[in-house]
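As stored in query_8.pdb (PDB, C-alpha atoms, pLDDT in the B column):
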MODEL        1
ATOM      1  CA  MET A  20      82.275  91.505  18.487  1.00 51.00           C
ATOM      2  CA  SER A  21      81.581  92.702  14.966  1.00 56.00           C
ATOM      3  CA  SER A  22      80.313  96.028  16.344  1.00 64.00           C
ATOM      4  CA  PHE A  23      83.726  96.478  17.988  1.00 60.00           C
ATOM      5  CA  PHE A  24      85.447  96.310  14.596  1.00 63.00           C
ATOM      6  CA  GLU A  25      82.865  98.563  12.987  1.00 70.00           C
ATOM      7  CA  ASN A  26      83.493 101.296  15.583  1.00 71.00           C
ATOM      8  CA  ILE A  27      87.266 101.433  14.990  1.00 74.00           C
ATOM      9  CA  ASP A  28      88.465 104.733  13.581  1.00 74.00           C
ATOM     10  CA  THR A  29      91.145 103.735  11.082  1.00 77.00           C
ATOM     11  CA  LYS A  30      92.108 107.348  10.347  1.00 83.00           C
ATOM     12  CA  GLU A  31      92.947 107.953  14.012  1.00 84.00           C
ATOM     13  CA  ILE A  32      95.005 104.752  14.195  1.00 81.00           C
ATOM     14  CA  ARG A  33      96.882 105.717  11.023  1.00 82.00           C
ATOM     15  CA  ASP A  34      97.556 109.230  12.362  1.00 85.00           C
ATOM     16  CA  ASN A  35      98.855 107.838  15.671  1.00 83.00           C
ATOM     17  CA  ALA A  36     101.121 105.367  13.862  1.00 78.00           C
ATOM     18  CA  GLU A  37     102.537 108.165  11.694  1.00 79.00           C
ATOM     19  CA  ARG A  38     103.145 110.274  14.816  1.00 83.00           C
ATOM     20  CA  ILE A  39     105.015 107.412  16.502  1.00 80.00           C
ATOM     21  CA  ILE A  40     107.161 106.909  13.401  1.00 77.00           C
ATOM     22  CA  GLU A  41     107.955 110.630  13.358  1.00 79.00           C
ATOM     23  CA  ILE A  42     108.907 110.563  17.054  1.00 81.00           C
ATOM     24  CA  THR A  43     111.174 107.529  16.762  1.00 80.00           C
ATOM     25  CA  GLY A  44     112.676 108.707  13.489  1.00 74.00           C
ATOM     26  CA  ASP A  45     115.455 106.449  12.317  1.00 78.00           C
ATOM     27  CA  ASN A  46     116.030 104.931  15.766  1.00 82.00           C
ATOM     28  CA  ALA A  47     113.594 102.058  15.151  1.00 75.00           C
ATOM     29  CA  LYS A  48     115.247 101.293  11.814  1.00 77.00           C
ATOM     30  CA  LYS A  49     118.692 101.430  13.428  1.00 83.00           C
ATOM     31  CA  ALA A  50     117.625  99.084  16.239  1.00 81.00           C
ATOM     32  CA  TYR A  51     116.166  96.614  13.740  1.00 79.00           C
ATOM     33  CA  ALA A  52     119.296  96.732  11.582  1.00 84.00           C
ATOM     34  CA  LYS A  53     121.557  96.200  14.596  1.00 88.00           C
ATOM     35  CA  ALA A  54     119.485  93.225  15.818  1.00 84.00           C
ATOM     36  CA  LYS A  55     119.398  91.714  12.318  1.00 85.00           C
ATOM     37  CA  ASP A  56     123.159  92.119  11.906  1.00 88.00           C
ATOM     38  CA  GLY A  57     123.734  90.504  15.288  1.00 88.00           C
ATOM     39  CA  TYR A  58     121.447  87.604  14.407  1.00 85.00           C
ATOM     40  CA  ASP A  59     123.028  87.151  10.964  1.00 87.00           C
ATOM     41  CA  GLY A  60     126.467  87.036  12.569  1.00 87.00           C
ATOM     42  CA  LEU A  61     125.588  84.045  14.725  1.00 87.00           C
ATOM     43  CA  SER A  62     126.504  80.485  13.868  1.00 90.00           C
ATOM     44  CA  ASP A  63     123.888  78.089  12.513  1.00 90.00           C
ATOM     45  CA  ASP A  64     123.768  76.186  15.818  1.00 92.00           C
ATOM     46  CA  ALA A  65     123.047  79.385  17.745  1.00 90.00           C
ATOM     47  CA  LYS A  66     120.280  80.310  15.290  1.00 89.00           C
ATOM     48  CA  LYS A  67     118.721  76.860  15.718  1.00 92.00           C
ATOM     49  CA  ALA A  68     118.930  77.202  19.509  1.00 93.00           C
ATOM     50  CA  ILE A  69     117.203  80.585  19.397  1.00 90.00           C
ATOM     51  CA  THR A  70     114.492  79.217  17.102  1.00 91.00           C
ATOM     52  CA  LEU A  71     113.979  76.222  19.380  1.00 95.00           C
ATOM     53  CA  GLY A  72     113.813  78.433  22.479  1.00 93.00           C
ATOM     54  CA  VAL A  73     111.267  80.784  20.934  1.00 93.00           C
ATOM     55  CA  THR A  74     109.173  77.816  19.758  1.00 95.00           C
ATOM     56  CA  VAL A  75     109.190  76.187  23.190  1.00 96.00           C
ATOM     57  CA  PHE A  76     108.279  79.505  24.816  1.00 96.00           C
ATOM     58  CA  ALA A  77     105.352  79.975  22.408  1.00 95.00           C
ATOM     59  CA  ILE A  78     104.085  76.446  23.129  1.00 96.00           C
ATOM     60  CA  VAL A  79     104.314  76.989  26.898  1.00 97.00           C
ATOM     61  CA  VAL A  80     102.410  80.279  26.631  1.00 96.00           C
ATOM     62  CA  ALA A  81      99.728  78.644  24.448  1.00 96.00           C
ATOM     63  CA  VAL A  82      99.277  75.715  26.854  1.00 96.00           C
ATOM     64  CA  ALA A  83      99.145  78.055  29.848  1.00 95.00           C
ATOM     65  CA  GLY A  84      96.519  80.151  28.075  1.00 93.00           C
ATOM     66  CA  ILE A  85      94.421  77.086  27.328  1.00 93.00           C
ATOM     67  CA  PHE A  86      94.556  75.933  30.954  1.00 91.00           C
ATOM     68  CA  TYR A  87      93.736  79.460  32.125  1.00 91.00           C
ATOM     69  CA  LEU A  88      90.660  79.620  29.906  1.00 88.00           C
ATOM     70  CA  LEU A  89      89.552  76.103  30.896  1.00 87.00           C
ATOM     71  CA  GLY A  90      89.987  76.936  34.576  1.00 83.00           C
ATOM     72  CA  LYS A  91      88.131  80.195  34.189  1.00 79.00           C
ATOM     73  CA  ARG A  92      85.229  78.450  32.453  1.00 74.00           C
ATOM     74  CA  SER A  93      84.994  75.649  35.028  1.00 72.00           C
ATOM     75  CA  GLY A  94      85.290  78.179  37.840  1.00 64.00           C
ATOM     76  CA  ARG A  95      82.241  79.994  36.546  1.00 61.00           C
ATOM     77  CA  LYS A  96      80.204  76.795  36.451  1.00 56.00           C
ATOM     78  CA  GLU A  97      81.101  75.794  39.996  1.00 52.00           C
ATOM     79  CA  LYS A  98      80.695  79.284  41.327  1.00 52.00           C
ATOM     80  CA  TYR A  99      76.909  79.022  41.611  1.00 57.00           C
ATOM     81  CA  ASP A 100      76.638  75.376  42.669  1.00 57.00           C
ATOM     82  CA  PHE A 101      77.144  75.952  46.395  1.00 61.00           C
ATOM     83  CA  GLU A 102      74.392  75.116  48.847  1.00 69.00           C
ATOM     84  CA  TYR A 103      74.538  76.287  52.429  1.00 69.00           C
ATOM     85  CA  GLU A 104      72.908  74.621  55.370  1.00 73.00           C
ATOM     86  CA  GLU A 105      72.321  76.293  58.680  1.00 74.00           C
ATOM     87  CA  TRP A 106      73.350  74.350  61.722  1.00 74.00           C
ATOM     88  CA  GLU A 107      71.837  74.928  65.084  1.00 72.00           C
ATOM     89  CA  GLY A 108      74.532  75.221  67.707  1.00 62.00           C
TER      90      GLY A 108
ENDMDL
END

Using structure tokens, write down the structure that the file contains.
Amino acid sequence: MSSFFENIDTKEIRDNAERIIEITGDNAKKAYAKAKDGYDGLSDDAKKAITLGVTVFAIVVAVAGIFYLLGKRSGRKEKYDFEYEEWEG
């Protein structure tokens, strides 16, 4: 895994990020400002509901990921434990 990080070309990533910022121009800033203004205009109860919803979603995704990884690991172990017997008919 460390070799993966050593092989990353940071100059290329920086150049691509600068190109994306040039392409989007001020549109990304405008979208962020509009979303922030909309969020700031909400009542405190609505903000709490959004925070609660995002938190619950993150927990559900984390639990699903854990079960996926556990299932994948146990599936690998059981994958090679099969024995076949031939029956004469």

One number please: CA of Lys66 in chain A to CA of Tyr51 in chain A, in Å, one decimal. 16.9 Å

Quick one: 6 Å padding each side, axis-aligned, all listed atoms of range 39-44 of chain A - centre and edge lengths in Å to one decimal, as JSON?
{"center_x": 108.8, "center_y": 108.8, "center_z": 15.2, "size_x": 19.7, "size_y": 15.7, "size_z": 15.7}

Could you tell me how far CA of Lys55 in chain A lies from CA of Ile69 in chain A, in Å and to one decimal?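 Atom-to-atom, CA of Lys55 in chain A to CA of Ile69 in chain A, that is 13.4 Å.
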
Please report the interatomic distance between CA of Glu104 in chain A and CA of Leu89 in chain A in Å with one decimal. 29.6 Å

Slice of the block: chain A, C-alpha atoms, as a tab-separated table (two decimals), in the first residue's frame:
chain	number	residue	atom	x	y	z
A	20	MET	CA	0.00	0.00	0.00
A	21	SER	CA	2.87	2.36	0.72
A	22	SER	CA	4.17	1.86	-2.83
A	23	PHE	CA	0.80	3.11	-4.09
A	24	PHE	CA	1.29	6.43	-2.29
A	25	GLU	CA	4.90	6.69	-3.41
A	26	ASN	CA	3.89	6.37	-7.08
A	27	ILE	CA	1.37	9.24	-6.97
A	28	ASP	CA	2.31	12.18	-9.15
A	29	THR	CA	1.31	15.20	-7.09
A	30	LYS	CA	2.16	17.66	-9.88
A	31	GLU	CA	-0.31	15.96	-12.23
A	32	ILE	CA	-3.04	15.97	-9.57
A	33	ARG	CA	-2.41	19.66	-8.87
A	34	ASP	CA	-2.51	20.50	-12.59
A	35	ASN	CA	-5.79	18.60	-13.05
A	36	ALA	CA	-7.34	20.35	-10.04
A	37	GLU	CA	-6.31	23.75	-11.42
A	38	ARG	CA	-7.80	22.83	-14.81
A	39	ILE	CA	-11.11	21.84	-13.18
A	40	ILE	CA	-11.21	25.11	-11.24
A	41	GLU	CA	-10.57	27.03	-14.47
A	42	ILE	CA	-13.36	25.14	-16.26
A	43	THR	CA	-15.93	25.66	-13.51
A	44	GLY	CA	-14.89	29.26	-12.94
A	45	ASP	CA	-17.12	30.99	-10.44
A	46	ASN	CA	-19.96	28.48	-10.84
A	47	ALA	CA	-18.70	26.26	-8.00
A	48	LYS	CA	-18.38	29.28	-5.71
A	49	LYS	CA	-21.86	30.46	-6.68
A	50	ALA	CA	-23.37	27.02	-6.02
A	51	TYR	CA	-21.68	26.84	-2.61
A	52	ALA	CA	-22.85	30.34	-1.70
A	53	LYS	CA	-26.42	29.57	-2.76
A	54	ALA	CA	-26.49	26.32	-0.75
A	55	LYS	CA	-24.99	28.05	2.29
A	56	ASP	CA	-27.51	30.89	2.09
A	57	GLY	CA	-30.35	28.39	1.81
A	58	TYR	CA	-29.06	26.44	4.80
A	59	ASP	CA	-28.52	29.59	6.87
A	60	GLY	CA	-32.08	30.68	6.12
A	61	LEU	CA	-33.58	27.56	7.66
A	62	SER	CA	-34.98	27.40	11.17
A	63	ASP	CA	-33.01	25.74	13.96
A	64	ASP	CA	-35.37	22.74	13.97
A	65	ALA	CA	-34.83	22.17	10.25
A	66	LYS	CA	-31.05	22.39	10.71
A	67	LYS	CA	-31.23	19.82	13.52
A	68	ALA	CA	-33.36	17.54	11.34
A	69	ILE	CA	-30.87	17.76	8.48
A	70	THR	CA	-27.97	17.05	10.85
A	71	LEU	CA	-29.82	14.08	12.33
A	72	GLY	CA	-30.68	12.71	8.88
A	73	VAL	CA	-27.10	12.99	7.64
A	74	THR	CA	-25.82	11.33	10.84
A	75	VAL	CA	-28.26	8.44	10.55
A	76	PHE	CA	-27.37	7.99	6.88
A	77	ALA	CA	-23.64	7.90	7.71
A	78	ILE	CA	-24.23	5.30	10.43
A	79	VAL	CA	-26.31	3.12	8.09
A	80	VAL	CA	-23.62	3.29	5.40
A	81	ALA	CA	-20.90	2.43	7.94
A	82	VAL	CA	-22.84	-0.56	9.30
A	83	ALA	CA	-23.62	-1.79	5.78
A	84	GLY	CA	-19.94	-1.50	4.88
A	85	ILE	CA	-18.93	-3.49	7.95
A	86	PHE	CA	-21.41	-6.26	7.15
A	87	TYR	CA	-20.27	-6.26	3.52
A	88	LEU	CA	-16.63	-6.69	4.53
A	89	LEU	CA	-17.49	-9.37	7.11
A	90	GLY	CA	-19.58	-11.25	4.55
A	91	LYS	CA	-16.87	-10.97	1.95
A	92	ARG	CA	-14.26	-12.32	4.37
A	93	SER	CA	-16.42	-15.24	5.53
A	94	GLY	CA	-17.37	-16.00	1.93
A	95	ARG	CA	-13.72	-16.41	1.04
A	96	LYS	CA	-13.16	-18.84	3.90
A	97	GLU	CA	-16.13	-21.02	3.00
A	98	LYS	CA	-15.41	-20.87	-0.68
A	99	TYR	CA	-12.75	-23.59	-0.54
A	100	ASP	CA	-14.32	-25.83	2.11
A	101	PHE	CA	-16.58	-27.79	-0.25
A	102	GLU	CA	-16.09	-31.51	-0.69
A	103	TYR	CA	-17.80	-33.39	-3.49
A	104	GLU	CA	-18.72	-37.02	-3.47
A	105	GLU	CA	-19.54	-39.00	-6.56
A	106	TRP	CA	-22.65	-41.10	-6.39
A	107	GLU	CA	-23.15	-44.11	-8.54
A	108	GLY	CA	-26.57	-44.03	-10.14
